[in-house]
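*Asks:* Quick one: the structure is below, questions incoming.
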Amino acid sequence: FQIGAVQADMWDTALSMGLKKWDAGTSWTHGIFFNLHESNADSPVYDVNVRKAIRAAIDCNAVMLSILSGDASRINLDPYPVVKALTAYNTTIIEDTGEWNNPNKELAMEYLKKANYDGTPLVYLTNATGAFYKACMAVVPMMESIGLKVEVLAVDGGSHGAMRKDPATGHDIGCWEVQKNETNPVLHSTFVTGTQGWWSSPAKDAAIAIMKTTPTGSPESVKAYNDYLDAVIDECPYILFGHARNFNFVTDKVVYDVQGSTEYYWNSYFKQQ
């Protein structure tokens with residue numbers, strides 16, 4: 001082959017064979033979501049203060065290093081706080097709430113106190129191998145350090161794929177990843193439309209309704225999207241850890257000179273003009 005993907009543990013072998021490592025410019029965004037389906041309403045994660053406590057407790061960079069076996073060079077971008085939409089295709093306004101990717105144990109325990117957490121274990125669903133499991137093994141001790149009890153539900157890949165899409169499988173926290181490098185990971189349509197975690201709220205639903213019924217790039221659409229991001233901050237339906245850079249390997253005769261789209265437009269799933 002002239003171009004191909006190589007597992008990370010085989011990179012040294014590939015380089016020793018004369019292949020060149022090429023930064024593919026795409027990535028995976030890793031994160032967790034909370035099961036906010038109405039059938040899980042008696043779960044502690046239904047309390048926003050529990051979710052914010054977990055967000056404050058997590059060191060996202062440490063989680064990414066766990067996923068990538070300590071190789072910091074494979075971390076593409078730290079997760080942005082929240083990138084607001086300036087125009088239809090320009091998302092450069094960064095709103096730093098001080099709680100995104102900013103581990104703060106004291107703040108986490110304050111949130112947990114507000115929640116009156118009673119010690120009920122949180123069920124964390126994960127694949128038993130790979131990046132999901134590595135992330136889980138990093139996140140669980142962080143949660144436990146603020147007084148949360150966690151039960152890890154580790155299953156095979158096939159079961160994990162099915163169970164994380166079913167709110168009735170007994171999990172409170174599920175793990176997810178989305179492909180492609182995005183300016184802001186919350187822009188991915190699966191997060192916006194709520195397929196992760198069955199998140200619904202008046203603020204979020206109102207914003208989505210406007211985005212789907214107003215012309216793309218219109219002032220109404222842009223404002224609605226920014227309102228949606230405010231709901232993400234306020235309600236914390238999921239927590240994103242960061243981007244993992246991907247690499248391809250090529251033979252020495254291949255000159256890779258490719259320019260392509262490395263991010264999704266924030267409004268690609270909105271009403272088109």
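In the structure tokens, each chain is lettered A, B, ... as it comes, each chain's residues begin at 1, and ligands are numbered from 1 in order of appearance.
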List the neighbours of region 172-177 of chain A out to 6 Å using only C-alpha atoms; skip same-chain residues closer than 2 positions along the sequence, and give me the result as JSON, numbers by chain.

*Replies:* {"A": [29, 30, 31, 32, 33, 34, 35, 122, 123, 124, 125]}

*Asks:* Measuring atom to atom with only C-alpha atoms, identify which of A:Asp59, A:Asp166, A:Asp227, A:Asp205 is nearest to Ala135 (chain A).

*Replies:* A:Asp59

*Asks:* Excluding Lys21 (chain A) and any residue of its chain fewer than 2 positions from it, enumerate the residues within 10 Å of it, using only C-alpha atoms, and give them as number ranges by chain.

*Replies:* A: 3-6, 11, 14-15, 18-19, 23-24, 247-252

*Asks:* Emit the selected residues as a PDB file, in the first residue's frame, including C-alpha atoms.

*Replies:*
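The new file selection_24.pdb reads:
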```
ATOM      1  CA  ILE A   3      -1.322   5.152   2.200  1.00  0.00           C
ATOM      2  CA  GLY A   4      -2.712   3.410   5.250  1.00  0.00           C
ATOM      3  CA  ALA A   5      -3.675   3.567   8.901  1.00  0.00           C
ATOM      4  CA  VAL A   6      -1.463   1.913  11.498  1.00  0.00           C
ATOM      5  CA  TRP A  11       4.088   3.114  14.765  1.00  0.00           C
ATOM      6  CA  ALA A  14       6.128   1.267  10.565  1.00  0.00           C
ATOM      7  CA  LEU A  15       8.780   3.971  10.867  1.00  0.00           C
ATOM      8  CA  GLY A  18      10.712   3.352   6.051  1.00  0.00           C
ATOM      9  CA  LEU A  19       7.132   4.607   6.145  1.00  0.00           C
ATOM     10  CA  ASP A  23      -0.841  14.103  10.262  1.00  0.00           C
ATOM     11  CA  ALA A  24      -4.247  13.340   8.768  1.00  0.00           C
ATOM     12  CA  PHE A 247      -2.030   9.822  11.686  1.00  0.00           C
ATOM     13  CA  ASN A 248      -1.715   7.980   8.400  1.00  0.00           C
ATOM     14  CA  PHE A 249       1.448   6.353   7.117  1.00  0.00           C
ATOM     15  CA  VAL A 250       2.742   6.700   3.577  1.00  0.00           C
ATOM     16  CA  THR A 251       5.644   5.321   1.562  1.00  0.00           C
ATOM     17  CA  ASP A 252       8.601   7.563   0.840  1.00  0.00           C
TER      18      ASP A 252
END
```

*Asks:* Which residues are near Leu68 (chain A)? Cut-off 12 Å, only C-alpha atoms, ignore same chain within fewer than 2 positions. Put them as a ChimeraX atom specification.

*Replies:* /A:7-9,28,30,61-66,70-76,130-135,138,241-246

*Asks:* Given the choices A:Leu153, A:Asp47, A:Leu229, A:Pro219, which gets closest to Ala207 (chain A) if the distance is worked out from only C-alpha atoms?

*Replies:*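 For Ala207 (chain A), the nearest of the given residues is A:Leu229.
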
*Asks:* For Asp118 (chain A), which residue out of A:Ile233, A:Val255, A:Ala206, A:Leu148 is the nearest one, using only C-alpha atoms?

*Replies:*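 Among the listed residues, A:Leu148 lies closest to Asp118 (chain A).
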
*Asks:* Fewer than 3 positions away in the same chain doesn't count, so skip those; otherwise give me all residues within 9 Å of Leu36 (chain A), counting only C-alpha atoms, as a list in words.

*Replies:*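 Neighbouring residues, sequence-local ones excluded: Phe33, Ser39, Asn40, Ala41, Ser43, Val45, Tyr46, Pro167, Asp172, Gly197, Trp198, Trp199, Ser200 and Pro237 of chain A.
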
*Asks:* DSSP on the backbone: which residues in region 199-255 of chain A end up as alpha helix (DSSP H)? Give the answer as a list in words.

*Replies:*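 So the alpha helix (DSSP H) residues in region 199-255 of chain A would be Pro202, Ala203, Lys204, Asp205, Ala206, Ala207, Ile208, Ala209, Ile210, Met211, Pro219, Glu220, Ser221, Val222, Lys223, Ala224, Tyr225, Asn226, Asp227, Tyr228, Leu229, Asp230, Ala231, Val232, Ile233, Asp234 and Glu235 of chain A.
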
*Asks:* Take the residues just selected and output them with C-alpha atoms as a compact mmCIF listing (two decimals), in the first residue's frame.

*Replies:*
```
# COMPACT_ATOMS: atom_id res chain seq x y z
CA PRO A 202 -37.26 24.17 27.50
CA ALA A 203 -34.19 26.30 26.69
CA LYS A 204 -32.55 23.69 24.48
CA ASP A 205 -35.76 22.66 22.70
CA ALA A 206 -36.74 26.27 22.00
CA ALA A 207 -33.34 27.01 20.49
CA ILE A 208 -33.42 23.88 18.30
CA ALA A 209 -36.92 24.73 17.08
CA ILE A 210 -35.76 28.16 15.92
CA MET A 211 -32.63 26.75 14.27
CA PRO A 219 -29.69 36.65 12.92
CA GLU A 220 -32.47 34.54 14.42
CA SER A 221 -30.62 31.30 13.67
CA VAL A 222 -27.29 32.54 15.04
CA LYS A 223 -28.91 33.85 18.22
CA ALA A 224 -30.76 30.57 18.71
CA TYR A 225 -27.52 28.64 18.38
CA ASN A 226 -25.86 30.83 20.98
CA ASP A 227 -28.86 30.27 23.24
CA TYR A 228 -28.33 26.54 22.73
CA LEU A 229 -24.72 26.86 23.90
CA ASP A 230 -25.85 28.73 26.99
CA ALA A 231 -28.05 25.74 27.75
CA VAL A 232 -25.04 23.43 27.36
CA ILE A 233 -23.16 25.48 29.97
CA ASP A 234 -26.09 25.78 32.33
CA GLU A 235 -27.35 22.20 32.11
```

*Asks:* For a quick check of understanding, using only C-alpha atoms, which of A:Thr13, A:Ser145, A:Asn127, A:Thr214 has the smallest distance to Ala53 (chain A)?

*Replies:*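 Of A:Thr13, A:Ser145, A:Asn127, A:Thr214, the one nearest Ala53 (chain A) is A:Ser145, counting only C-alpha atoms.
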
*Asks:* Once DSSP has gone over the backbone, tell me which residues of region 43-163 of chain A are in strand (DSSP E or B), as a PyMOL selection string.

*Replies:* chain A and resi 75+83-84+87+90+93-94+122-127+150-155

*Asks:* Write to file, as a tab-separated table (two decimals), in the first residue's frame, the residues of the selection just made, with N, CA, C and O atoms.

*Replies:*
```tsv
chain	number	residue	atom	x	y	z
A	75	ILE	N	-2.59	14.65	21.27
A	75	ILE	CA	-3.70	15.51	21.63
A	75	ILE	C	-3.74	16.66	20.64
A	75	ILE	O	-2.81	17.46	20.56
A	83	VAL	N	-17.57	28.03	22.06
A	83	VAL	CA	-17.28	28.93	20.95
A	83	VAL	C	-18.60	29.40	20.36
A	83	VAL	O	-19.33	28.63	19.76
A	84	LYS	N	-18.89	30.65	20.56
A	84	LYS	CA	-20.16	31.21	20.10
A	84	LYS	C	-20.12	31.52	18.61
A	84	LYS	O	-19.07	31.76	18.04
A	87	THR	N	-21.00	34.61	12.97
A	87	THR	CA	-21.80	34.64	11.76
A	87	THR	C	-22.11	33.20	11.39
A	87	THR	O	-21.77	32.28	12.13
A	90	ASN	N	-18.65	31.38	11.08
A	90	ASN	CA	-17.53	31.90	11.86
A	90	ASN	C	-17.86	31.74	13.33
A	90	ASN	O	-18.77	32.39	13.85
A	93	ILE	N	-16.05	33.44	18.81
A	93	ILE	CA	-16.24	34.11	20.08
A	93	ILE	C	-16.16	33.06	21.19
A	93	ILE	O	-17.01	32.18	21.29
A	94	ILE	N	-15.13	33.13	22.00
A	94	ILE	CA	-14.94	32.14	23.06
A	94	ILE	C	-15.50	32.69	24.37
A	94	ILE	O	-15.14	33.77	24.82
A	122	LEU	N	-23.46	5.63	40.85
A	122	LEU	CA	-23.70	6.00	39.46
A	122	LEU	C	-23.15	4.89	38.57
A	122	LEU	O	-21.98	4.50	38.72
A	123	VAL	N	-23.95	4.39	37.67
A	123	VAL	CA	-23.52	3.31	36.78
A	123	VAL	C	-22.89	3.91	35.53
A	123	VAL	O	-23.54	4.66	34.79
A	124	TYR	N	-21.63	3.59	35.31
A	124	TYR	CA	-20.83	4.13	34.20
A	124	TYR	C	-20.67	3.01	33.17
A	124	TYR	O	-19.97	2.04	33.39
A	125	LEU	N	-21.35	3.15	32.03
A	125	LEU	CA	-21.29	2.15	30.96
A	125	LEU	C	-20.10	2.40	30.05
A	125	LEU	O	-19.91	3.51	29.57
A	126	THR	N	-19.31	1.36	29.82
A	126	THR	CA	-18.14	1.51	28.95
A	126	THR	C	-17.85	0.22	28.21
A	126	THR	O	-18.21	-0.87	28.66
A	127	ASN	N	-17.20	0.37	27.07
A	127	ASN	CA	-16.61	-0.77	26.40
A	127	ASN	C	-15.51	-1.32	27.30
A	127	ASN	O	-14.82	-0.56	27.99
A	150	VAL	N	-19.28	5.00	42.30
A	150	VAL	CA	-19.40	4.67	40.89
A	150	VAL	C	-19.33	3.16	40.71
A	150	VAL	O	-18.48	2.49	41.31
A	151	GLU	N	-20.23	2.64	39.89
A	151	GLU	CA	-20.18	1.23	39.48
A	151	GLU	C	-19.87	1.19	37.99
A	151	GLU	O	-20.61	1.78	37.19
A	152	VAL	N	-18.79	0.52	37.62
A	152	VAL	CA	-18.41	0.43	36.21
A	152	VAL	C	-19.10	-0.77	35.58
A	152	VAL	O	-18.99	-1.90	36.07
A	153	LEU	N	-19.82	-0.53	34.51
A	153	LEU	CA	-20.48	-1.58	33.75
A	153	LEU	C	-19.72	-1.74	32.44
A	153	LEU	O	-19.96	-1.04	31.47
A	154	ALA	N	-18.74	-2.65	32.44
A	154	ALA	CA	-17.87	-2.85	31.27
A	154	ALA	C	-18.38	-4.04	30.47
A	154	ALA	O	-18.53	-5.14	31.01
A	155	VAL	N	-18.67	-3.81	29.20
A	155	VAL	CA	-19.24	-4.85	28.34
A	155	VAL	C	-18.45	-4.94	27.05
A	155	VAL	O	-17.61	-4.09	26.75
```

*Asks:* One number please: CA of Lys52 (chain A) to CA of Cys136 (chain A), in Å, one decimal.

*Replies:* 17.6 Å

*Asks:* So what do you get for CA of Met137 (chain A) versus CA of Glu106 (chain A), distance-wise?

*Replies:*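 CA of Met137 (chain A) sits 21.8 Å away from CA of Glu106 (chain A).
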
*Asks:* Quick one: distance from CA of Ala56 (chain A) to CA of Asn101 (chain A) in Å, one decimal?

*Replies:*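 So the two atoms, CA of Ala56 (chain A) and CA of Asn101 (chain A), lie 7.8 Å apart.
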
*Asks:* Here is a test: counting only C-alpha atoms, which residue of A:Ile67, A:Met10, A:Ala115, A:Ala162 is nearest to Asn49 (chain A)?

*Replies:*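 With only C-alpha atoms as the atom set, the closest residue is A:Ala115.
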
*Asks:* Pick out the closest residue to Gly157 (chain A) from this set: A:Val254, A:Ile54, A:Ile239, A:Ala128. Count only C-alpha atoms.

*Replies:*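 Checking each of A:Val254, A:Ile54, A:Ile239, A:Ala128 against Gly157 (chain A), counting only C-alpha atoms, the winner is A:Ala128.
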